[in-house]
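Colleague: My questions all concern the structure below.
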Amino acid sequence: MGRQAEQTTVARPLSKEGIGLHSGEKCSVSVLPAEADAGVVFVTGDGVAIPATPEFVVGTERGTRLGRGEAAVGSVEHLMAALLGVGVDNVRIEVDGPELPACDGSAAEWVALLGAAGLTKLPARRNVMRLRRDVWVVDGDSWAVASPDGGGLSLAVGVDYEGTAAGRQTLWIRLTRRRFARQLAPARTFALVRELSALRSRGLAQGGDNSNAFAIGEETYSGPLRFEDEVVRHKALDLLGDLALCGRRFHGHIWAVKPSHATNVRLARALRRALNGEMG
Ligand SMILES: [Zn+2]
């Protein structure tokens, strides 16, 4: 995340097949090199190009969904987090299926695939911006604030699942590529046991099982955790993936309490506006 670095893309295409967490359907994805300033663009099976920016968010229920007209692609946040965390600026992502594959519920596999593909520097400077004022987003008891901080990008996240095994958890992390890969990317998707049947009856989590998610009961978890505080780490991963939609690299500190995809995307939208206003 250097200040004067060049923009990047993947050195070689990479692809992945799997089951979608919510649809339970088979999905396949190819991540292809793209030119400088192209940003991240999803392309659906029908050939519709959907830029990964807040204007194209069409859903935030249990995942972030991008759409344009009839075309849509769901569950983009873990790959978006991996692209930001690894430092990939420009890619074309071809998707066949309603959403991205769940993988193991985390971003670890995306990080490994991007690492194996390698990055190529492009002949254009990456413009890392500095936030000049606070940007606030509040939605009920979920809120997120971005504050100026010249030292890089850092996150402070708090979640409150009192009355369950997860309880209250907080996390503070100043991001580097290595810290992202080790401390956030492996944290998996979760759901509360008490909400699982309601989610399934709404057509969500159809592909969710022990291979791609864990469940939080009142006293225990559905299986062993990767981190004692895996819940808040996954929330930080989701936050980063949604913030990647702002489409600009920036230095700042993000505070998020009980973050949701809806709040995260609103922050990305507000940040995009704020940072665009500071250009030039
Ligand atoms: Zn997630």
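In the structure tokens, chains take the letters A, B, ... in the order shown, each chain's residues start at 1, and ligands count up from 1 in the order shown.
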Report as a PDB file with N, CA, C and O atoms, in the first residue's frame: the residues of stretch 111-193 of chain A with a DSSP assignment of strand (DSSP E or B), based on the backbone of this structure.
Modeller:
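Generated file (out35.pdb):
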```pdb
ATOM      1  N   LEU A 119       1.229 -10.714  -9.522  1.00  0.00           N
ATOM      2  CA  LEU A 119       0.770  -9.387  -9.935  1.00  0.00           C
ATOM      3  C   LEU A 119       1.722  -8.805 -10.974  1.00  0.00           C
ATOM      4  O   LEU A 119       2.913  -9.080 -10.945  1.00  0.00           O
ATOM      5  N   THR A 120       1.164  -7.986 -11.862  1.00  0.00           N
ATOM      6  CA  THR A 120       1.978  -7.254 -12.831  1.00  0.00           C
ATOM      7  C   THR A 120       1.777  -5.766 -12.595  1.00  0.00           C
ATOM      8  O   THR A 120       0.645  -5.317 -12.391  1.00  0.00           O
ATOM      9  N   LYS A 121       2.879  -5.007 -12.601  1.00  0.00           N
ATOM     10  CA  LYS A 121       2.761  -3.550 -12.475  1.00  0.00           C
ATOM     11  C   LYS A 121       2.358  -2.954 -13.813  1.00  0.00           C
ATOM     12  O   LYS A 121       2.820  -3.408 -14.863  1.00  0.00           O
ATOM     13  N   LEU A 122       1.504  -1.951 -13.761  1.00  0.00           N
ATOM     14  CA  LEU A 122       1.035  -1.285 -14.979  1.00  0.00           C
ATOM     15  C   LEU A 122       1.685   0.097 -15.057  1.00  0.00           C
ATOM     16  O   LEU A 122       2.043   0.677 -14.030  1.00  0.00           O
ATOM     17  N   PRO A 123       1.810   0.628 -16.268  1.00  0.00           N
ATOM     18  CA  PRO A 123       2.506   1.916 -16.423  1.00  0.00           C
ATOM     19  C   PRO A 123       1.622   3.105 -16.072  1.00  0.00           C
ATOM     20  O   PRO A 123       1.399   3.993 -16.884  1.00  0.00           O
ATOM     21  N   ALA A 124       1.098   3.098 -14.838  1.00  0.00           N
ATOM     22  CA  ALA A 124       0.286   4.226 -14.367  1.00  0.00           C
ATOM     23  C   ALA A 124       0.388   4.264 -12.854  1.00  0.00           C
ATOM     24  O   ALA A 124       0.441   3.216 -12.205  1.00  0.00           O
ATOM     25  N   ARG A 125       0.424   5.449 -12.290  1.00  0.00           N
ATOM     26  CA  ARG A 125       0.602   5.598 -10.855  1.00  0.00           C
ATOM     27  C   ARG A 125      -0.684   5.287 -10.105  1.00  0.00           C
ATOM     28  O   ARG A 125      -1.773   5.641 -10.547  1.00  0.00           O
ATOM     29  N   VAL A 128      -2.916   7.125  -4.159  1.00  0.00           N
ATOM     30  CA  VAL A 128      -3.390   6.851  -2.804  1.00  0.00           C
ATOM     31  C   VAL A 128      -3.783   8.172  -2.162  1.00  0.00           C
ATOM     32  O   VAL A 128      -2.958   9.066  -2.013  1.00  0.00           O
ATOM     33  N   MET A 129      -5.048   8.285  -1.802  1.00  0.00           N
ATOM     34  CA  MET A 129      -5.559   9.575  -1.356  1.00  0.00           C
ATOM     35  C   MET A 129      -5.563   9.643   0.166  1.00  0.00           C
ATOM     36  O   MET A 129      -5.577   8.635   0.848  1.00  0.00           O
ATOM     37  N   ARG A 130      -5.555  10.887   0.647  1.00  0.00           N
ATOM     38  CA  ARG A 130      -5.599  11.116   2.083  1.00  0.00           C
ATOM     39  C   ARG A 130      -6.927  11.785   2.401  1.00  0.00           C
ATOM     40  O   ARG A 130      -7.271  12.808   1.812  1.00  0.00           O
ATOM     41  N   VAL A 135     -15.953  11.122   7.787  1.00  0.00           N
ATOM     42  CA  VAL A 135     -17.150  10.739   7.030  1.00  0.00           C
ATOM     43  C   VAL A 135     -17.929   9.774   7.918  1.00  0.00           C
ATOM     44  O   VAL A 135     -17.408   8.732   8.317  1.00  0.00           O
ATOM     45  N   TRP A 136     -19.163  10.151   8.267  1.00  0.00           N
ATOM     46  CA  TRP A 136     -19.993   9.351   9.188  1.00  0.00           C
ATOM     47  C   TRP A 136     -21.163   8.711   8.464  1.00  0.00           C
ATOM     48  O   TRP A 136     -21.794   9.340   7.616  1.00  0.00           O
ATOM     49  N   VAL A 137     -21.460   7.475   8.882  1.00  0.00           N
ATOM     50  CA  VAL A 137     -22.678   6.805   8.418  1.00  0.00           C
ATOM     51  C   VAL A 137     -23.310   6.136   9.635  1.00  0.00           C
ATOM     52  O   VAL A 137     -22.640   5.395  10.354  1.00  0.00           O
ATOM     53  N   VAL A 138     -24.575   6.441   9.898  1.00  0.00           N
ATOM     54  CA  VAL A 138     -25.263   5.848  11.046  1.00  0.00           C
ATOM     55  C   VAL A 138     -26.572   5.241  10.572  1.00  0.00           C
ATOM     56  O   VAL A 138     -27.310   5.857   9.801  1.00  0.00           O
ATOM     57  N   ASP A 139     -26.833   4.010  11.013  1.00  0.00           N
ATOM     58  CA  ASP A 139     -28.080   3.344  10.650  1.00  0.00           C
ATOM     59  C   ASP A 139     -28.540   2.549  11.868  1.00  0.00           C
ATOM     60  O   ASP A 139     -28.080   1.426  12.094  1.00  0.00           O
ATOM     61  N   SER A 142     -26.056   0.494  14.129  1.00  0.00           N
ATOM     62  CA  SER A 142     -24.886   0.181  13.312  1.00  0.00           C
ATOM     63  C   SER A 142     -24.306   1.489  12.804  1.00  0.00           C
ATOM     64  O   SER A 142     -25.032   2.308  12.240  1.00  0.00           O
ATOM     65  N   TRP A 143     -23.018   1.725  13.066  1.00  0.00           N
ATOM     66  CA  TRP A 143     -22.445   2.957  12.532  1.00  0.00           C
ATOM     67  C   TRP A 143     -21.004   2.763  12.118  1.00  0.00           C
ATOM     68  O   TRP A 143     -20.323   1.852  12.571  1.00  0.00           O
ATOM     69  N   ALA A 144     -20.561   3.608  11.209  1.00  0.00           N
ATOM     70  CA  ALA A 144     -19.199   3.528  10.692  1.00  0.00           C
ATOM     71  C   ALA A 144     -18.702   4.934  10.426  1.00  0.00           C
ATOM     72  O   ALA A 144     -19.444   5.790   9.952  1.00  0.00           O
ATOM     73  N   VAL A 145     -17.440   5.171  10.777  1.00  0.00           N
ATOM     74  CA  VAL A 145     -16.829   6.486  10.585  1.00  0.00           C
ATOM     75  C   VAL A 145     -15.456   6.295   9.969  1.00  0.00           C
ATOM     76  O   VAL A 145     -14.707   5.413  10.382  1.00  0.00           O
ATOM     77  N   ALA A 146     -15.151   7.097   8.964  1.00  0.00           N
ATOM     78  CA  ALA A 146     -13.797   7.125   8.413  1.00  0.00           C
ATOM     79  C   ALA A 146     -13.158   8.434   8.844  1.00  0.00           C
ATOM     80  O   ALA A 146     -13.755   9.501   8.679  1.00  0.00           O
ATOM     81  N   SER A 147     -11.952   8.358   9.434  1.00  0.00           N
ATOM     82  CA  SER A 147     -11.250   9.555   9.913  1.00  0.00           C
ATOM     83  C   SER A 147      -9.914   9.693   9.216  1.00  0.00           C
ATOM     84  O   SER A 147      -9.307   8.685   8.854  1.00  0.00           O
ATOM     85  N   LEU A 153      -3.977   2.467   6.154  1.00  0.00           N
ATOM     86  CA  LEU A 153      -5.402   2.169   6.346  1.00  0.00           C
ATOM     87  C   LEU A 153      -5.526   1.274   7.567  1.00  0.00           C
ATOM     88  O   LEU A 153      -4.872   0.229   7.654  1.00  0.00           O
ATOM     89  N   SER A 154      -6.333   1.695   8.530  1.00  0.00           N
ATOM     90  CA  SER A 154      -6.533   0.869   9.725  1.00  0.00           C
ATOM     91  C   SER A 154      -8.019   0.745  10.015  1.00  0.00           C
ATOM     92  O   SER A 154      -8.824   1.584   9.604  1.00  0.00           O
ATOM     93  N   LEU A 155      -8.371  -0.344  10.688  1.00  0.00           N
ATOM     94  CA  LEU A 155      -9.763  -0.635  11.014  1.00  0.00           C
ATOM     95  C   LEU A 155      -9.895  -0.897  12.508  1.00  0.00           C
ATOM     96  O   LEU A 155      -9.037  -1.567  13.089  1.00  0.00           O
ATOM     97  N   ALA A 156     -10.960  -0.376  13.113  1.00  0.00           N
ATOM     98  CA  ALA A 156     -11.327  -0.757  14.479  1.00  0.00           C
ATOM     99  C   ALA A 156     -12.786  -1.188  14.417  1.00  0.00           C
ATOM    100  O   ALA A 156     -13.646  -0.415  14.002  1.00  0.00           O
ATOM    101  N   VAL A 157     -13.050  -2.432  14.763  1.00  0.00           N
ATOM    102  CA  VAL A 157     -14.395  -2.994  14.584  1.00  0.00           C
ATOM    103  C   VAL A 157     -14.878  -3.582  15.901  1.00  0.00           C
ATOM    104  O   VAL A 157     -14.107  -4.225  16.623  1.00  0.00           O
ATOM    105  N   GLY A 158     -16.142  -3.350  16.228  1.00  0.00           N
ATOM    106  CA  GLY A 158     -16.752  -3.953  17.410  1.00  0.00           C
ATOM    107  C   GLY A 158     -18.064  -4.629  17.044  1.00  0.00           C
ATOM    108  O   GLY A 158     -18.843  -4.084  16.252  1.00  0.00           O
ATOM    109  N   VAL A 159     -18.290  -5.825  17.583  1.00  0.00           N
ATOM    110  CA  VAL A 159     -19.564  -6.519  17.359  1.00  0.00           C
ATOM    111  C   VAL A 159     -20.148  -6.906  18.714  1.00  0.00           C
ATOM    112  O   VAL A 159     -19.413  -7.072  19.698  1.00  0.00           O
ATOM    113  N   ASP A 160     -21.455  -7.036  18.754  1.00  0.00           N
ATOM    114  CA  ASP A 160     -22.135  -7.369  20.004  1.00  0.00           C
ATOM    115  C   ASP A 160     -23.139  -8.495  19.754  1.00  0.00           C
ATOM    116  O   ASP A 160     -24.210  -8.265  19.200  1.00  0.00           O
ATOM    117  N   TYR A 161     -22.748  -9.698  20.146  1.00  0.00           N
ATOM    118  CA  TYR A 161     -23.647 -10.855  20.060  1.00  0.00           C
ATOM    119  C   TYR A 161     -23.897 -11.389  21.467  1.00  0.00           C
ATOM    120  O   TYR A 161     -23.787 -12.582  21.722  1.00  0.00           O
ATOM    121  N   GLY A 167     -20.515 -13.390  22.113  1.00  0.00           N
ATOM    122  CA  GLY A 167     -20.485 -12.241  23.017  1.00  0.00           C
ATOM    123  C   GLY A 167     -20.064 -10.961  22.305  1.00  0.00           C
ATOM    124  O   GLY A 167     -20.386 -10.741  21.148  1.00  0.00           O
ATOM    125  N   ARG A 168     -19.323 -10.111  23.044  1.00  0.00           N
ATOM    126  CA  ARG A 168     -18.805  -8.871  22.459  1.00  0.00           C
ATOM    127  C   ARG A 168     -17.358  -9.084  22.041  1.00  0.00           C
ATOM    128  O   ARG A 168     -16.583  -9.679  22.787  1.00  0.00           O
ATOM    129  N   GLN A 169     -16.992  -8.596  20.866  1.00  0.00           N
ATOM    130  CA  GLN A 169     -15.614  -8.722  20.381  1.00  0.00           C
ATOM    131  C   GLN A 169     -15.190  -7.416  19.719  1.00  0.00           C
ATOM    132  O   GLN A 169     -16.003  -6.756  19.068  1.00  0.00           O
ATOM    133  N   THR A 170     -13.906  -7.065  19.895  1.00  0.00           N
ATOM    134  CA  THR A 170     -13.367  -5.902  19.197  1.00  0.00           C
ATOM    135  C   THR A 170     -12.054  -6.288  18.526  1.00  0.00           C
ATOM    136  O   THR A 170     -11.379  -7.234  18.942  1.00  0.00           O
ATOM    137  N   LEU A 171     -11.720  -5.546  17.487  1.00  0.00           N
ATOM    138  CA  LEU A 171     -10.489  -5.805  16.743  1.00  0.00           C
ATOM    139  C   LEU A 171      -9.924  -4.483  16.255  1.00  0.00           C
ATOM    140  O   LEU A 171     -10.673  -3.609  15.810  1.00  0.00           O
ATOM    141  N   TRP A 172      -8.624  -4.302  16.370  1.00  0.00           N
ATOM    142  CA  TRP A 172      -7.951  -3.131  15.805  1.00  0.00           C
ATOM    143  C   TRP A 172      -6.836  -3.654  14.919  1.00  0.00           C
ATOM    144  O   TRP A 172      -6.040  -4.476  15.347  1.00  0.00           O
ATOM    145  N   ILE A 173      -6.780  -3.210  13.686  1.00  0.00           N
ATOM    146  CA  ILE A 173      -5.723  -3.687  12.797  1.00  0.00           C
ATOM    147  C   ILE A 173      -5.274  -2.579  11.844  1.00  0.00           C
ATOM    148  O   ILE A 173      -6.103  -1.871  11.263  1.00  0.00           O
ATOM    149  N   ARG A 174      -3.961  -2.386  11.768  1.00  0.00           N
ATOM    150  CA  ARG A 174      -3.401  -1.509  10.745  1.00  0.00           C
ATOM    151  C   ARG A 174      -2.997  -2.413   9.597  1.00  0.00           C
ATOM    152  O   ARG A 174      -2.190  -3.325   9.769  1.00  0.00           O
ATOM    153  N   PHE A 190     -20.273 -16.696   9.133  1.00  0.00           N
ATOM    154  CA  PHE A 190     -20.992 -17.351  10.234  1.00  0.00           C
ATOM    155  C   PHE A 190     -22.456 -16.940  10.218  1.00  0.00           C
ATOM    156  O   PHE A 190     -22.848 -15.998   9.522  1.00  0.00           O
ATOM    157  N   ALA A 191     -23.235 -17.677  10.968  1.00  0.00           N
ATOM    158  CA  ALA A 191     -24.629 -17.302  11.198  1.00  0.00           C
ATOM    159  C   ALA A 191     -24.984 -17.713  12.617  1.00  0.00           C
ATOM    160  O   ALA A 191     -24.321 -18.582  13.205  1.00  0.00           O
ATOM    161  N   LEU A 192     -25.991 -17.069  13.183  1.00  0.00           N
ATOM    162  CA  LEU A 192     -26.473 -17.466  14.501  1.00  0.00           C
ATOM    163  C   LEU A 192     -27.395 -18.665  14.333  1.00  0.00           C
ATOM    164  O   LEU A 192     -28.226 -18.681  13.417  1.00  0.00           O
TER     165      LEU A 192
END
```
Colleague: Residues within 7 Å of ligand 1 should be enumerated using only C-alpha atoms and all ligand atoms and returned as a PyMOL selection string.
Modeller: chain A and resi 63+77-78+106+189+234-235+237-238
Colleague: Separation of atom CA of A:Val232 and atom CA of A:Asn210, in Å?
Modeller: 18.8 Å
Colleague: Go through A:Ala198, A:Ala11, A:Val57, A:Leu175 and flag the residue nearest A:Phe250, using only C-alpha atoms for the distances.
Modeller: A:Leu175
Colleague: With only C-alpha atoms as the counted atoms, please give the residues lying no more than 12 Å from A:Ala215, apart from itself and same-chain residues fewer than 4 positions off, as a list in words.
Modeller: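 Result of the neighbour search: Gly105, Thr164, Ala165, Ala166, Arg188, Thr189, Phe190, Ala191, Leu192, Val193, Arg194, Glu195, Leu196, Ser197, Ala205, Gly208, Asp209, Asn210, Ser211, Glu219, Thr220, Tyr221, Ser222, Gly223, Pro224, Leu225, Glu230 and Val231 of chain A.
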Colleague: If you run DSSP on the backbone here, which positions in stretch 47-209 of chain A get alpha helix (DSSP H)? Please write them as a ChimeraX atom specification.
Modeller: /A:77-86,108-117,177-179,193-201
Colleague: So that I can check the surroundings of stretch 20-28 of chain A, please list as a PyMOL selection string every protein, DNA and RNA residue that reaches within 9 Å of it, counting only C-alpha atoms and ignoring chain neighbours fewer than 6 positions away.
Modeller: chain A and resi 62-63+74-75+94-103+105+200+203-209+212-213
Colleague: Between A:Ile216, A:Leu184, A:Leu131, A:Ile254, which has the minimum distance to A:Ala107 (counting only C-alpha atoms)?
Modeller: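 Of A:Ile216, A:Leu184, A:Leu131, A:Ile254, the one nearest A:Ala107, counting only C-alpha atoms, is A:Leu184.
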